[in-house]
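Enquirer: Quick one: this structure, given as structure tokens, is what I'll be asking you about.
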Amino acid sequence: MLEATAATFFLLSTALLLVAYAGYPLLLSLLPAKSPSTPIESADGNITVIIVARNEAARIERKIRNLLEQSAAPRISQILVVSDHSEDDTVDIVRTLAKDDDRILLLELEDGLGKAAGLNLGIAHAHSEYIVFSDVRQRFELHAVERLVATFSDPEVGGVAGELRFENDANVLETYWKYETAIRKLQSRHDSLLGCAGAIYAIRRRLFVKLPERLILDDIWVPAHVVFAGYRVIYQSSAVAIEDRHVVAEEEFGKKVRTLAGNLEILQRCPKIVSPTQNRLWWSFLLHKILRVFGPVLLLAALISSIFLPWPWNYMLAGGQAVFYLLAMAPRLVPSLNHNCKLCRICGSFALLNLAAAVAIYKASTHNYSKLWTTRSSGTS
């Protein structure tokens with residue numbers, strides 16, 4: 001009886017893990033593709049860029065000048081910088097730049113209310129047809145804004161996600177990000193994304209829906225409401241933002257905790273995202289976002305149940321999992337393996353993602369979301 005129960009738990013947990021990480025992208029690849037939204041000519045209309053910043057004195061001038069040097073700069077009518085209770089020279093730097101260019105406007109949040117409040121304030125002052133959202137740390141390639149907005153020449157497109165690339169990104173999460181990028185391309189090919197990289201995405205202004213106070217993931221809330229309105233959010237790989245830095249694993253771990261906890265928060269604060277009658281992509285959110293959050297529960301169930309399987313399956317399957325976790329930990333013990341062992345990076349990426357999910361479940365269970373927005377919270381949903 002015990003062995004039969006163990007076998008049931010093992011097969012069920014393993015099957016759900018396969019659906020989350022392999023079955024979902026396989027399903028997307030098999031679904032029919034919609035007509036491609038390839039930019040033919042630039043869509044008419046001005047552009048507002050909104051950036052929320054906190055204590056970014058070291059980088060804010062470089063970011064603004066990068067926007068002013070865009071090929072689409074003549075169409076950028078506003079660059080709105082929302083300072084989220086900055087305590088350094090961020091405000092003074094923006095004010096100085098604004099003296100030389102009246103397109104630059106400084107807005108201030110006095111109480112550290114977070115990115116959601118900053119974006120709501122920015123939208124309230126925006127008057128362009130198209131809104132581009134970005135963070136401070138990334139630089140846009142020359143034609144990034146132009147290629148984002150050109151995609152709106154398709155009337156079915158309500159939002160566009162650009163491509164975020166990392167330089168000097170040889171770490172355990174590099175493999176995961178490449179995998180996630182491939183999934184986003186498949187989502188766009190089939191229908192629409194439900195999430196974007198917060199560093200580079202754009203929407204039609206009229207489709208913006210006010211963000212709830214202190215919401216973590218604007219880059220799911222905003223595109224999801226574009227989909228609710230009947231439009232598509234397209235992945236535009238030719239619109240590129242580059243983050244030039246050495247990736248720190250601990251920092252990436254914190255960002256993944258934030259993103260995964262944010263997925264559960266979205267589920268709580270916007271339940272229609274999983275309503276078949278209100279969201280045509282409800283199944284995509286469940287399979288891609290929610291099922292993955294519960295990966296550590298499924299992994300633990302698979303490990304424990306495999307111990308109670310009949311011989312020799314218990315030795316083979318439990319032993320195989322032990323080897324997997326040893327490979328995942330190897331780059332931490334021998335840092336050179338981070339570069340030299342692709343299998344170790346794959347295992348490490350998967351294990352780190354699920355460790356982050358375990359922490360995210362704890363954060364969600366205690367409703368401890370409020371401190372997850374920091375100056376380093378920019379990332380990918």
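By convention in this document, the chains of the structure tokens carry letters A, B, ... by their order, each chain's residues are numbered from 1, and ligands are numbered from 1 in the order they are shown.
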So that I can see what lies close to A:Gln187, please list as a list of chain:residue names the residues with an atom at most 9 Å from it, counting only C-alpha atoms and leaving out residues fewer than 4 positions away in the same chain.
Expert: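 Listing them by chain and then by number gives A:Pro25, A:Leu28, A:Ser29, A:Ala182, A:Ile183, A:Asp191, A:Ser192, A:Leu193, A:Leu194, A:Ile234, A:Tyr235, A:Ser284.
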Enquirer: Next, the residues of the selection above should be written as an mmCIF file, in the first residue's frame with N, CA and C atoms.
Expert:
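Result file selection_25.cif:
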```cif
data_model
loop_
_atom_site.group_PDB
_atom_site.id
_atom_site.type_symbol
_atom_site.label_atom_id
_atom_site.label_comp_id
_atom_site.auth_asym_id
_atom_site.auth_seq_id
_atom_site.Cartn_x
_atom_site.Cartn_y
_atom_site.Cartn_z
ATOM 1 N N PRO A 25 6.116 24.846 -22.953
ATOM 2 C CA PRO A 25 6.720 25.341 -24.205
ATOM 3 C C PRO A 25 6.467 24.427 -25.394
ATOM 4 N N LEU A 28 3.054 25.312 -26.696
ATOM 5 C CA LEU A 28 3.100 26.568 -27.437
ATOM 6 C C LEU A 28 3.662 26.371 -28.837
ATOM 7 N N SER A 29 4.670 25.524 -28.949
ATOM 8 C CA SER A 29 5.290 25.309 -30.257
ATOM 9 C C SER A 29 4.362 24.579 -31.211
ATOM 10 N N ALA A 182 13.124 32.195 -25.002
ATOM 11 C CA ALA A 182 12.554 31.324 -26.037
ATOM 12 C C ALA A 182 11.052 31.140 -25.830
ATOM 13 N N ILE A 183 10.614 31.017 -24.565
ATOM 14 C CA ILE A 183 9.192 30.877 -24.272
ATOM 15 C C ILE A 183 8.431 32.134 -24.670
ATOM 16 N N ASP A 191 0.018 34.014 -29.665
ATOM 17 C CA ASP A 191 -1.007 35.022 -29.397
ATOM 18 C C ASP A 191 -0.395 36.246 -28.740
ATOM 19 N N SER A 192 -0.051 36.118 -27.443
ATOM 20 C CA SER A 192 0.358 37.302 -26.699
ATOM 21 C C SER A 192 1.133 36.916 -25.456
ATOM 22 N N LEU A 193 1.985 37.844 -25.007
ATOM 23 C CA LEU A 193 2.626 37.725 -23.711
ATOM 24 C C LEU A 193 1.673 38.212 -22.636
ATOM 25 N N LEU A 194 1.873 37.697 -21.415
ATOM 26 C CA LEU A 194 1.186 38.232 -20.245
ATOM 27 C C LEU A 194 2.163 38.952 -19.317
ATOM 28 N N ILE A 234 3.206 41.903 -28.022
ATOM 29 C CA ILE A 234 4.125 41.228 -28.925
ATOM 30 C C ILE A 234 5.560 41.319 -28.405
ATOM 31 N N TYR A 235 6.318 40.267 -28.634
ATOM 32 C CA TYR A 235 7.742 40.278 -28.298
ATOM 33 C C TYR A 235 8.521 40.789 -29.503
ATOM 34 N N SER A 284 -2.355 29.936 -19.814
ATOM 35 C CA SER A 284 -0.942 30.259 -19.967
ATOM 36 C C SER A 284 -0.366 30.773 -18.651
#
```
Enquirer: I need the residues of stretch 123-321 of chain A that end up classed as alpha helix (DSSP H) by DSSP on the backbone, written out as a ChimeraX atom specification.
Expert: /A:123-125,144-150,174-190,218-228,249-269,282-285,291-293,295-307,313-321
Enquirer: Could you pull out the residues in stretch 93-210 of chain A that DSSP calls strand (DSSP E or B) from the backbone, as number ranges by chain?
Expert: A: 104-109, 130-134, 139-140, 157-167, 197, 200-204
Enquirer: Find the spatial neighbours of A:Phe166, counting only C-alpha atoms, within a cut-off of 7 Å - ignore same-chain residues fewer than 6 positions away - and output them as a list in words.
Expert: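 Once the adjacent positions are removed, what remains is Ile242, Glu243 and Asp244 of chain A.
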Enquirer: Dump C-alpha atoms for the selected residues as an mmCIF file, in the first residue's frame?
Expert:
```
data_model
loop_
_atom_site.group_PDB
_atom_site.id
_atom_site.type_symbol
_atom_site.label_atom_id
_atom_site.label_comp_id
_atom_site.auth_asym_id
_atom_site.auth_seq_id
_atom_site.Cartn_x
_atom_site.Cartn_y
_atom_site.Cartn_z
ATOM 1 C CA ILE A 242 21.426 46.094 -22.482
ATOM 2 C CA GLU A 243 22.405 45.812 -18.845
ATOM 3 C CA ASP A 244 26.160 46.193 -18.670
#
```
Enquirer: If you count only C-alpha atoms, which residues fall within 9 Å of A:Ala117, apart from same-chain ones fewer than 6 positions away, as number ranges by chain?
Expert: A: 84, 109, 211-215
Enquirer: Which residues, written as an MDAnalysis selection string, have at least one atom at most 6 Å from A:Cys344, with only C-alpha atoms counted and residues fewer than 3 positions away on the same chain left out?
Expert: chainID A and resid 327:328 341 347:348
Enquirer: A:Asp44: which residues within 9 Å, counting only C-alpha atoms, same-chain residues fewer than 6 positions away excluded, as a list in words?
Expert: Glu129, Val149, Ala150, Phe152 and Ser153 of chain A
Enquirer: Just checking: using only C-alpha atoms, which residue out of A:Ala124, A:Phe285, A:Tyr362, A:Asn279 ends up closest to A:Arg206?
Expert: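 Closest candidate: A:Ala124.
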Enquirer: Find, counting only C-alpha atoms, the residue in A:Pro310, A:Gly195, A:Gly262, A:Pro335 that gets nearest to A:Leu281.
Expert: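 Among A:Pro310, A:Gly195, A:Gly262, A:Pro335, it is A:Gly195 that comes nearest to A:Leu281.
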Enquirer: Show which residues sit within 9 Å of A:Phe208, as JSON, numbers by chain. Count only C-alpha atoms, and ignore same-chain residues fewer than 3 positions away.
Expert: {"A": [123, 203, 204, 205, 211, 222, 223, 225, 226]}
Enquirer: Could you state the separation of atom CA of A:Thr14 and atom CA of A:Leu303 in Å, given to one decimal place?
Expert: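 Atom CA of A:Thr14 sits 9.8 Å away from atom CA of A:Leu303.
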Enquirer: To one decimal in Å, tell me the separation between atom CA of A:Gln138 and atom CA of A:Leu121.
Expert: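 For atom CA of A:Gln138 relative to atom CA of A:Leu121, the distance reads 21.8 Å.
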Enquirer: Determine the nearest neighbour of A:Ala229 from the options A:Arg292, A:Arg280, A:His85, A:Arg332, counting only C-alpha atoms.
Expert: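 Ranked by minimum distance to A:Ala229, first place goes to A:Arg280.
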Enquirer: Just give me the gap between atom CA of A:Glu110 and atom CA of A:Ile60 in Å, one decimal is fine.
Expert: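 Pair atom CA of A:Glu110 / atom CA of A:Ile60 returns 18.5 Å.
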